[in-house]
$ cat final-v3.cif   # mmCIF, C-alpha atoms
data_coords
#
loop_
_atom_site.group_PDB
_atom_site.id
_atom_site.type_symbol
_atom_site.label_atom_id
_atom_site.label_comp_id
_atom_site.auth_asym_id
_atom_site.auth_seq_id
_atom_site.Cartn_x
_atom_site.Cartn_y
_atom_site.Cartn_z
ATOM 1 C CA MET A 1 -31.840 -32.139 27.549
ATOM 2 C CA PRO A 2 -29.065 -30.905 25.216
ATOM 3 C CA SER A 3 -25.571 -30.703 26.596
ATOM 4 C CA THR A 4 -23.902 -27.359 27.279
ATOM 5 C CA GLU A 5 -21.643 -27.921 24.280
ATOM 6 C CA ALA A 6 -24.638 -28.547 22.006
ATOM 7 C CA THR A 7 -26.378 -25.438 23.314
ATOM 8 C CA GLN A 8 -23.300 -23.320 22.649
ATOM 9 C CA THR A 9 -23.029 -24.760 19.164
ATOM 10 C CA SER A 10 -26.674 -24.006 18.385
ATOM 11 C CA GLU A 11 -26.140 -20.353 19.367
ATOM 12 C CA ARG A 12 -23.417 -19.894 16.830
ATOM 13 C CA SER A 13 -24.010 -18.353 13.438
ATOM 14 C CA PRO A 14 -24.587 -20.627 10.403
ATOM 15 C CA ALA A 15 -21.015 -20.035 9.338
ATOM 16 C CA GLY A 16 -19.819 -21.379 12.663
ATOM 17 C CA ARG A 17 -18.578 -18.009 13.917
ATOM 18 C CA GLY A 18 -19.346 -17.152 17.505
ATOM 19 C CA PRO A 19 -20.202 -13.703 18.892
ATOM 20 C CA SER A 20 -16.569 -12.923 19.701
ATOM 21 C CA THR A 21 -15.509 -13.619 16.111
ATOM 22 C CA GLN A 22 -18.340 -11.470 14.773
ATOM 23 C CA ARG A 23 -17.357 -8.635 17.107
ATOM 24 C CA SER A 24 -13.747 -8.911 16.002
ATOM 25 C CA LYS A 25 -14.797 -8.742 12.356
ATOM 26 C CA ALA A 26 -17.005 -5.725 13.024
ATOM 27 C CA LYS A 27 -14.151 -4.011 14.861
ATOM 28 C CA GLU A 28 -11.765 -4.693 11.977
ATOM 29 C CA ASN A 29 -14.321 -3.360 9.491
ATOM 30 C CA ARG A 30 -14.578 -0.132 11.493
ATOM 31 C CA ARG A 31 -10.801 0.123 11.645
ATOM 32 C CA GLN A 32 -10.574 -0.276 7.876
ATOM 33 C CA ALA A 33 -13.292 2.351 7.416
ATOM 34 C CA LEU A 34 -11.315 4.764 9.574
ATOM 35 C CA LEU A 35 -8.129 4.120 7.593
ATOM 36 C CA ALA A 36 -9.958 4.672 4.310
ATOM 37 C CA ALA A 37 -11.423 7.923 5.664
ATOM 38 C CA ALA A 38 -7.988 8.982 6.883
ATOM 39 C CA ALA A 39 -6.408 8.375 3.474
ATOM 40 C CA SER A 40 -9.038 10.513 1.785
ATOM 41 C CA LEU A 41 -9.078 13.336 4.326
ATOM 42 C CA PHE A 42 -5.300 13.506 4.777
ATOM 43 C CA ALA A 43 -4.829 13.553 0.993
ATOM 44 C CA VAL A 44 -7.254 16.439 0.501
ATOM 45 C CA ASN A 45 -6.619 18.537 3.611
ATOM 46 C CA GLY A 46 -3.285 17.413 5.010
ATOM 47 C CA PHE A 47 -2.624 15.572 8.254
ATOM 48 C CA ASN A 48 -2.434 18.680 10.426
ATOM 49 C CA LYS A 49 -5.820 20.030 9.333
ATOM 50 C CA VAL A 50 -7.786 16.841 10.029
ATOM 51 C CA SER A 51 -9.183 16.145 13.507
ATOM 52 C CA LEU A 52 -10.238 12.863 15.052
ATOM 53 C CA GLU A 53 -13.789 14.185 14.942
ATOM 54 C CA ASP A 54 -13.402 14.617 11.162
ATOM 55 C CA LEU A 55 -12.183 11.032 10.850
ATOM 56 C CA GLY A 56 -15.003 9.678 12.960
ATOM 57 C CA ALA A 57 -17.648 11.603 11.031
ATOM 58 C CA ALA A 58 -16.280 10.384 7.693
ATOM 59 C CA ALA A 59 -16.296 6.785 8.932
ATOM 60 C CA GLY A 60 -19.729 7.031 10.558
ATOM 61 C CA VAL A 61 -18.626 6.974 14.206
ATOM 62 C CA SER A 62 -18.233 9.606 16.904
ATOM 63 C CA GLY A 63 -14.895 11.278 17.517
ATOM 64 C CA PRO A 64 -14.381 9.610 20.930
ATOM 65 C CA ALA A 65 -15.162 6.216 19.361
ATOM 66 C CA VAL A 66 -12.011 6.540 17.265
ATOM 67 C CA TYR A 67 -10.028 5.996 20.474
ATOM 68 C CA ARG A 68 -11.371 2.442 20.634
ATOM 69 C CA HIS A 69 -9.223 1.689 17.606
ATOM 70 C CA PHE A 70 -6.320 4.160 17.750
ATOM 71 C CA PRO A 71 -4.662 6.034 20.639
ATOM 72 C CA GLY A 72 -4.427 9.214 18.560
ATOM 73 C CA LYS A 73 -4.274 10.769 15.109
ATOM 74 C CA GLN A 74 -0.585 10.008 14.653
ATOM 75 C CA ALA A 75 -1.340 6.340 15.265
ATOM 76 C CA VAL A 76 -3.913 6.442 12.466
ATOM 77 C CA LEU A 77 -1.297 7.820 10.062
ATOM 78 C CA ALA A 78 1.237 5.213 11.190
ATOM 79 C CA ASP A 79 -1.215 2.349 10.786
ATOM 80 C CA LEU A 80 -2.206 3.608 7.343
ATOM 81 C CA LEU A 81 1.351 3.796 5.980
ATOM 82 C CA LEU A 82 2.619 0.681 7.754
ATOM 83 C CA THR A 83 -0.343 -1.384 6.546
ATOM 84 C CA VAL A 84 0.110 -0.281 2.942
ATOM 85 C CA SER A 85 3.868 -0.839 3.049
ATOM 86 C CA GLN A 86 3.394 -4.350 4.424
ATOM 87 C CA GLU A 87 0.731 -5.119 1.814
ATOM 88 C CA LEU A 88 3.081 -4.032 -0.978
ATOM 89 C CA LEU A 89 5.906 -6.179 0.378
ATOM 90 C CA ASP A 90 3.723 -9.244 0.892
ATOM 91 C CA GLY A 91 2.025 -8.812 -2.468
ATOM 92 C CA GLY A 92 5.302 -8.320 -4.314
ATOM 93 C CA ARG A 93 6.759 -11.471 -2.803
ATOM 94 C CA GLN A 94 3.657 -13.454 -3.748
ATOM 95 C CA VAL A 95 3.867 -12.175 -7.329
ATOM 96 C CA VAL A 96 7.476 -13.317 -7.629
ATOM 97 C CA GLU A 97 6.817 -16.711 -6.053
ATOM 98 C CA ALA A 98 3.974 -17.345 -8.515
ATOM 99 C CA SER A 99 6.014 -16.373 -11.599
ATOM 100 C CA PRO A 100 7.851 -18.948 -13.751
ATOM 101 C CA ASP A 101 10.886 -16.748 -14.530
ATOM 102 C CA PRO A 102 12.348 -13.291 -13.832
ATOM 103 C CA LEU A 103 10.913 -11.655 -16.968
ATOM 104 C CA ALA A 104 7.397 -12.841 -16.177
ATOM 105 C CA ALA A 105 7.886 -11.717 -12.572
ATOM 106 C CA LEU A 106 8.925 -8.258 -13.747
ATOM 107 C CA HIS A 107 5.843 -7.874 -15.937
ATOM 108 C CA ARG A 108 3.631 -8.961 -13.036
ATOM 109 C CA LEU A 109 5.379 -6.679 -10.549
ATOM 110 C CA VAL A 110 4.784 -3.719 -12.847
ATOM 111 C CA ALA A 111 1.100 -4.631 -13.155
ATOM 112 C CA PHE A 112 0.913 -5.034 -9.375
ATOM 113 C CA GLN A 113 2.437 -1.604 -8.749
ATOM 114 C CA VAL A 114 0.170 0.027 -11.341
ATOM 115 C CA ASP A 115 -2.849 -1.567 -9.649
ATOM 116 C CA PHE A 116 -1.726 -0.044 -6.370
ATOM 117 C CA ALA A 117 -1.077 3.399 -7.847
ATOM 118 C CA LEU A 118 -4.403 3.561 -9.660
ATOM 119 C CA GLY A 119 -6.322 2.067 -6.752
ATOM 120 C CA LYS A 120 -4.796 4.051 -3.879
ATOM 121 C CA PRO A 121 -3.630 7.455 -5.138
ATOM 122 C CA ASP A 122 -4.670 9.065 -1.840
ATOM 123 C CA VAL A 123 -2.249 6.880 0.103
ATOM 124 C CA ILE A 124 0.590 7.844 -2.240
ATOM 125 C CA ARG A 125 -0.168 11.519 -1.696
ATOM 126 C CA VAL A 126 -0.278 11.057 2.078
ATOM 127 C CA GLN A 127 3.057 9.225 2.009
ATOM 128 C CA ASP A 128 4.669 12.023 -0.002
ATOM 129 C CA ARG A 129 3.306 14.892 2.076
ATOM 130 C CA ASP A 130 2.794 13.639 5.613
ATOM 131 C CA PHE A 131 5.527 11.052 6.163
ATOM 132 C CA SER A 132 7.399 13.528 8.385
ATOM 133 C CA ASN A 133 4.460 13.566 10.811
ATOM 134 C CA LEU A 134 5.217 9.986 11.825
ATOM 135 C CA SER A 135 7.293 9.302 14.918
ATOM 136 C CA GLU A 136 10.939 8.442 14.286
ATOM 137 C CA GLN A 137 10.210 4.824 15.191
ATOM 138 C CA ASP A 138 7.342 4.567 12.721
ATOM 139 C CA GLN A 139 9.356 6.313 10.017
ATOM 140 C CA ALA A 140 12.093 3.720 10.458
ATOM 141 C CA ALA A 141 9.565 0.871 10.306
ATOM 142 C CA VAL A 142 7.949 2.185 7.112
ATOM 143 C CA ARG A 143 11.350 2.737 5.487
ATOM 144 C CA ALA A 144 12.452 -0.787 6.390
ATOM 145 C CA LEU A 145 9.374 -2.292 4.737
ATOM 146 C CA GLN A 146 9.814 -0.122 1.667
ATOM 147 C CA ARG A 147 13.504 -1.025 1.347
ATOM 148 C CA SER A 148 12.564 -4.695 1.467
ATOM 149 C CA TYR A 149 9.999 -4.106 -1.289
ATOM 150 C CA VAL A 150 12.639 -2.419 -3.440
ATOM 151 C CA GLU A 151 14.933 -5.410 -2.960
ATOM 152 C CA VAL A 152 12.172 -7.719 -4.255
ATOM 153 C CA TRP A 153 12.326 -5.752 -7.494
ATOM 154 C CA VAL A 154 16.133 -5.648 -7.525
ATOM 155 C CA GLU A 155 16.347 -9.416 -7.196
ATOM 156 C CA VAL A 156 13.994 -9.866 -10.152
ATOM 157 C CA LEU A 157 15.848 -7.258 -12.210
ATOM 158 C CA ALA A 158 19.113 -9.048 -11.498
ATOM 159 C CA GLY A 159 17.651 -12.111 -13.166
ATOM 160 C CA VAL A 160 16.636 -10.053 -16.216
ATOM 161 C CA HIS A 161 19.905 -8.064 -16.383
ATOM 162 C CA PRO A 162 22.569 -10.380 -14.913
ATOM 163 C CA ASP A 163 25.367 -8.169 -16.264
ATOM 164 C CA VAL A 164 24.126 -4.941 -14.608
ATOM 165 C CA ASP A 165 25.405 -3.725 -11.239
ATOM 166 C CA ILE A 166 23.034 -3.806 -8.283
ATOM 167 C CA PRO A 167 23.155 -0.014 -7.659
ATOM 168 C CA GLU A 168 21.927 0.593 -11.217
ATOM 169 C CA LEU A 169 19.167 -1.962 -10.810
ATOM 170 C CA ARG A 170 18.108 -0.293 -7.578
ATOM 171 C CA MET A 171 18.038 3.060 -9.364
ATOM 172 C CA ARG A 172 15.829 1.583 -12.077
ATOM 173 C CA ALA A 173 13.398 0.312 -9.456
ATOM 174 C CA HIS A 174 13.198 3.677 -7.694
ATOM 175 C CA ALA A 175 12.777 5.539 -10.984
ATOM 176 C CA THR A 176 9.956 3.192 -11.954
ATOM 177 C CA PHE A 177 8.151 3.782 -8.666
ATOM 178 C CA GLY A 178 8.422 7.504 -9.274
ATOM 179 C CA LEU A 179 6.990 7.153 -12.766
ATOM 180 C CA ILE A 180 4.100 4.921 -11.766
ATOM 181 C CA ASN A 181 3.229 6.581 -8.466
ATOM 182 C CA SER A 182 3.252 10.174 -9.712
ATOM 183 C CA THR A 183 1.277 9.768 -12.925
ATOM 184 C CA PRO A 184 -2.099 8.660 -11.480
ATOM 185 C CA HIS A 185 -2.091 11.743 -9.237
ATOM 186 C CA SER A 186 -1.295 14.084 -12.119
ATOM 187 C CA VAL A 187 -3.941 12.703 -14.468
ATOM 188 C CA ARG A 188 -6.573 13.140 -11.749
ATOM 189 C CA SER A 189 -5.557 16.667 -10.848
ATOM 190 C CA HIS A 190 -4.655 18.489 -14.063
ATOM 191 C CA GLY A 191 -6.728 18.944 -17.195
ATOM 192 C CA ARG A 192 -8.881 16.200 -18.608
ATOM 193 C CA ARG A 193 -9.015 13.078 -16.501
ATOM 194 C CA ILE A 194 -7.748 9.807 -17.930
ATOM 195 C CA SER A 195 -9.641 6.661 -17.033
ATOM 196 C CA ALA A 196 -7.851 3.844 -15.246
ATOM 197 C CA ALA A 197 -8.486 1.621 -18.265
ATOM 198 C CA ALA A 198 -6.622 4.074 -20.489
ATOM 199 C CA ALA A 199 -3.888 4.886 -17.978
ATOM 200 C CA ARG A 200 -3.035 1.281 -17.120
ATOM 201 C CA PRO A 201 -1.471 0.155 -20.438
ATOM 202 C CA LEU A 202 0.348 3.475 -20.789
ATOM 203 C CA LEU A 203 1.871 3.215 -17.321
ATOM 204 C CA GLU A 204 2.778 -0.446 -17.730
ATOM 205 C CA GLY A 205 4.350 0.126 -21.149
ATOM 206 C CA MET A 206 6.416 3.100 -20.018
ATOM 207 C CA ALA A 207 7.584 1.316 -16.868
ATOM 208 C CA LEU A 208 8.625 -1.833 -18.717
ATOM 209 C CA ALA A 209 10.460 0.228 -21.338
ATOM 210 C CA ALA A 210 12.474 1.904 -18.581
ATOM 211 C CA LEU A 211 13.166 -1.352 -16.780
ATOM 212 C CA LEU A 212 14.141 -3.390 -19.827
ATOM 213 C CA VAL A 213 16.186 -0.853 -21.791
ATOM 214 C CA ARG A 214 19.845 -1.781 -22.159
ATOM 215 C CA ILE A 215 22.249 1.097 -21.646
ATOM 216 C CA PRO A 216 25.429 0.908 -23.769
ATOM 217 C CA GLN A 217 28.563 0.866 -21.685
ATOM 218 C CA ALA A 218 30.805 3.905 -22.027
ATOM 219 C CA PRO A 219 33.952 3.173 -24.102
#
$ encode --input "final-v3.cif" --output "structure tokens"
Amino acid sequence: MPSTEATQTSERSPAGRGPSTQRSKAKENRRQALLAAAASLFAVNGFNKVSLEDLGAAAGVSGPAVYRHFPGKQAVLADLLLTVSQELLDGGRQVVEASPDPLAALHRLVAFQVDFALGKPDVIRVQDRDFSNLSEQDQAAVRALQRSYVEVWVEVLAGVHPDVDIPELRMRAHATFGLINSTPHSVRSHGRRISAAAARPLLEGMALAALLVRIPQAP
């Protein structure tokens, strides 16, 4: 007769994941589906015009089922913006750690930010329009993550421009975010659409030109 341990092992999936792990994965997949639906719906309609029932329907669950993942609509918005802000910070740090020198890191950071802007334009729009709907605590948390992400860029820029003051480097970083983050939205919303393949080199080239230009010092 097999032991209890052997019986439990035989009931596990081929990948070695038990029922609890599979349930956790399914729950996380539903959470991600709700966040993706929220990004799309908030971007198109605005936070205040979207109900939990709308979110549930877009993600394939009932409105009340949304409460299994979030205590309310504001929590969905907070999770969306906090998750993206943390992903940017973590990804930016990984890019820098994997780069051999500051110039290479700068090129890779620009490509990383362009990937984000082209891949998640809805999130950028939600951030711009609905940030004020977050609680003060969540606003502070998102801002803290975003400031840390800016400082990743500033540190790299300081290695490229060692003779430039930090405030100017910080301004360059912010200006670059504005350039990259606004353009994907505009090319999707006005006139003829530009494909991501065509927009990517244009955005990267313009951003690098702004970041690398040397400004003559006033006499």
$ atom_distance --input "final-v3.cif" --atom1 "atom CA of Ala43 of chain A" --atom2 "atom CA of Asp128 of chain A"
9.7 Å
$ resolve_selection --input "final-v3.cif" --expression "the PyMOL selection byres ((chain A and resi 59) around 9)" --output "ChimeraX atom specification"
/A:30,33-38,54-58,60-62
$ resolve_selection --input "final-v3.cif" --expression "the PyMOL selection byres ((chain A and resi 212) around 10)" --output "PyMOL selection string"
chain A and resi 103+106+157+160-161+172+207-211+213-215
$ atom_distance --input "final-v3.cif" --atom1 "atom CA of Phe131 of chain A" --atom2 "atom CA of Glu168 of chain A"
26.1 Å
$ residues_around --input "final-v3.cif" --residues "segment 176-183 of chain A" --least-positions-apart "2" --cutoff "8 Å" --atoms "only C-alpha atoms" --output "mmCIF file with C-alpha atoms, keeping the file's coordinate frame"
data_model
loop_
_atom_site.group_PDB
_atom_site.id
_atom_site.type_symbol
_atom_site.label_atom_id
_atom_site.label_comp_id
_atom_site.auth_asym_id
_atom_site.auth_seq_id
_atom_site.Cartn_x
_atom_site.Cartn_y
_atom_site.Cartn_z
ATOM 1 C CA GLN A 113 2.437 -1.604 -8.749
ATOM 2 C CA VAL A 114 0.170 0.027 -11.341
ATOM 3 C CA ALA A 117 -1.077 3.399 -7.847
ATOM 4 C CA PRO A 121 -3.630 7.455 -5.138
ATOM 5 C CA ILE A 124 0.590 7.844 -2.240
ATOM 6 C CA ARG A 172 15.829 1.583 -12.077
ATOM 7 C CA ALA A 173 13.398 0.312 -9.456
ATOM 8 C CA HIS A 174 13.198 3.677 -7.694
ATOM 9 C CA HIS A 185 -2.091 11.743 -9.237
ATOM 10 C CA SER A 186 -1.295 14.084 -12.119
ATOM 11 C CA VAL A 187 -3.941 12.703 -14.468
ATOM 12 C CA LEU A 203 1.871 3.215 -17.321
ATOM 13 C CA ALA A 207 7.584 1.316 -16.868
ATOM 14 C CA ALA A 210 12.474 1.904 -18.581
ATOM 15 C CA LEU A 211 13.166 -1.352 -16.780
#
$ resolve_selection --input "final-v3.cif" --expression "the PyMOL selection byres ((chain A and resi 198-200) around 9)" --output "list in words"
Ala111, Val114, Asp115, Leu118, Thr183, Pro184, Val187, Ile194, Ser195, Ala196, Ala197, Pro201, Leu202, Leu203, Glu204 and Gly205 of chain A
$ residues_around --input "final-v3.cif" --residues "segment 95-99 of chain A" --least-positions-apart "4" --cutoff "12 Å" --atoms "all atoms listed in the file" --output "PDB file with C-alpha atoms, keeping the file's coordinate frame"
ATOM      1  CA  GLU A  87       0.731  -5.119   1.814  1.00  0.00           C
ATOM      2  CA  LEU A  88       3.081  -4.032  -0.978  1.00  0.00           C
ATOM      3  CA  LEU A  89       5.906  -6.179   0.378  1.00  0.00           C
ATOM      4  CA  ASP A  90       3.723  -9.244   0.892  1.00  0.00           C
ATOM      5  CA  GLY A  91       2.025  -8.812  -2.468  1.00  0.00           C
ATOM      6  CA  LEU A 103      10.913 -11.655 -16.968  1.00  0.00           C
ATOM      7  CA  ALA A 104       7.397 -12.841 -16.177  1.00  0.00           C
ATOM      8  CA  ALA A 105       7.886 -11.717 -12.572  1.00  0.00           C
ATOM      9  CA  LEU A 106       8.925  -8.258 -13.747  1.00  0.00           C
ATOM     10  CA  HIS A 107       5.843  -7.874 -15.937  1.00  0.00           C
ATOM     11  CA  ARG A 108       3.631  -8.961 -13.036  1.00  0.00           C
ATOM     12  CA  LEU A 109       5.379  -6.679 -10.549  1.00  0.00           C
ATOM     13  CA  VAL A 110       4.784  -3.719 -12.847  1.00  0.00           C
ATOM     14  CA  ALA A 111       1.100  -4.631 -13.155  1.00  0.00           C
ATOM     15  CA  PHE A 112       0.913  -5.034  -9.375  1.00  0.00           C
ATOM     16  CA  GLN A 113       2.437  -1.604  -8.749  1.00  0.00           C
ATOM     17  CA  TYR A 149       9.999  -4.106  -1.289  1.00  0.00           C
ATOM     18  CA  GLU A 151      14.933  -5.410  -2.960  1.00  0.00           C
ATOM     19  CA  VAL A 152      12.172  -7.719  -4.255  1.00  0.00           C
ATOM     20  CA  TRP A 153      12.326  -5.752  -7.494  1.00  0.00           C
ATOM     21  CA  VAL A 154      16.133  -5.648  -7.525  1.00  0.00           C
ATOM     22  CA  GLU A 155      16.347  -9.416  -7.196  1.00  0.00           C
ATOM     23  CA  VAL A 156      13.994  -9.866 -10.152  1.00  0.00           C
ATOM     24  CA  LEU A 157      15.848  -7.258 -12.210  1.00  0.00           C
ATOM     25  CA  GLY A 159      17.651 -12.111 -13.166  1.00  0.00           C
TER      26      GLY A 159
END
$ closest_residue --input "final-v3.cif" --among "A:Asp165, A:Glu28, A:Asp138, A:Asp79" --to "Val123 of chain A" --atoms "all atoms listed in the file"
A:Asp79
$ residues_around --input "final-v3.cif" --residues "Gln139 of chain A" --least-positions-apart "4" --cutoff "12 Å" --atoms "only C-alpha atoms" --output "short mmCIF file (atom, residue, chain, number, x, y, z; two decimals) with C-alpha atoms, in the coordinates of the input"
data_model
loop_
_atom_site.label_atom_id
_atom_site.label_comp_id
_atom_site.auth_asym_id
_atom_site.auth_seq_id
_atom_site.Cartn_x
_atom_site.Cartn_y
_atom_site.Cartn_z
CA GLN A 74 -0.58 10.01 14.65
CA ALA A 75 -1.34 6.34 15.26
CA LEU A 77 -1.30 7.82 10.06
CA ALA A 78 1.24 5.21 11.19
CA ASP A 79 -1.22 2.35 10.79
CA LEU A 81 1.35 3.80 5.98
CA LEU A 82 2.62 0.68 7.75
CA SER A 85 3.87 -0.84 3.05
CA GLN A 127 3.06 9.22 2.01
CA ASP A 130 2.79 13.64 5.61
CA PHE A 131 5.53 11.05 6.16
CA SER A 132 7.40 13.53 8.38
CA ASN A 133 4.46 13.57 10.81
CA LEU A 134 5.22 9.99 11.82
CA SER A 135 7.29 9.30 14.92
CA ARG A 143 11.35 2.74 5.49
CA ALA A 144 12.45 -0.79 6.39
CA LEU A 145 9.37 -2.29 4.74
CA GLN A 146 9.81 -0.12 1.67
#
$ closest_residue --input "final-v3.cif" --among "A:Ala26, A:Ala39, A:Val66, A:Met206" --to "Leu80 of chain A" --atoms "only C-alpha atoms"
A:Ala39
$ atom_distance --input "final-v3.cif" --atom1 "atom CA of Tyr67 of chain A" --atom2 "atom CA of Lys27 of chain A"
12.2 Å
$ closest_residue --input "final-v3.cif" --among "A:Val84, A:Val164, A:Val142, A:Arg93" --to "Gly119 of chain A" --atoms "only C-alpha atoms"
A:Val84
$ axis_aligned_box --input "final-v3.cif" --around "segment 199-213 of chain A" --padding-each-side "8 Å" --output "lines of an AutoDock Vina configuration file"
center_x = 6.1
center_y = 0.7
center_z = -19.3
size_x = 36.1
size_y = 24.3
size_z = 21.0
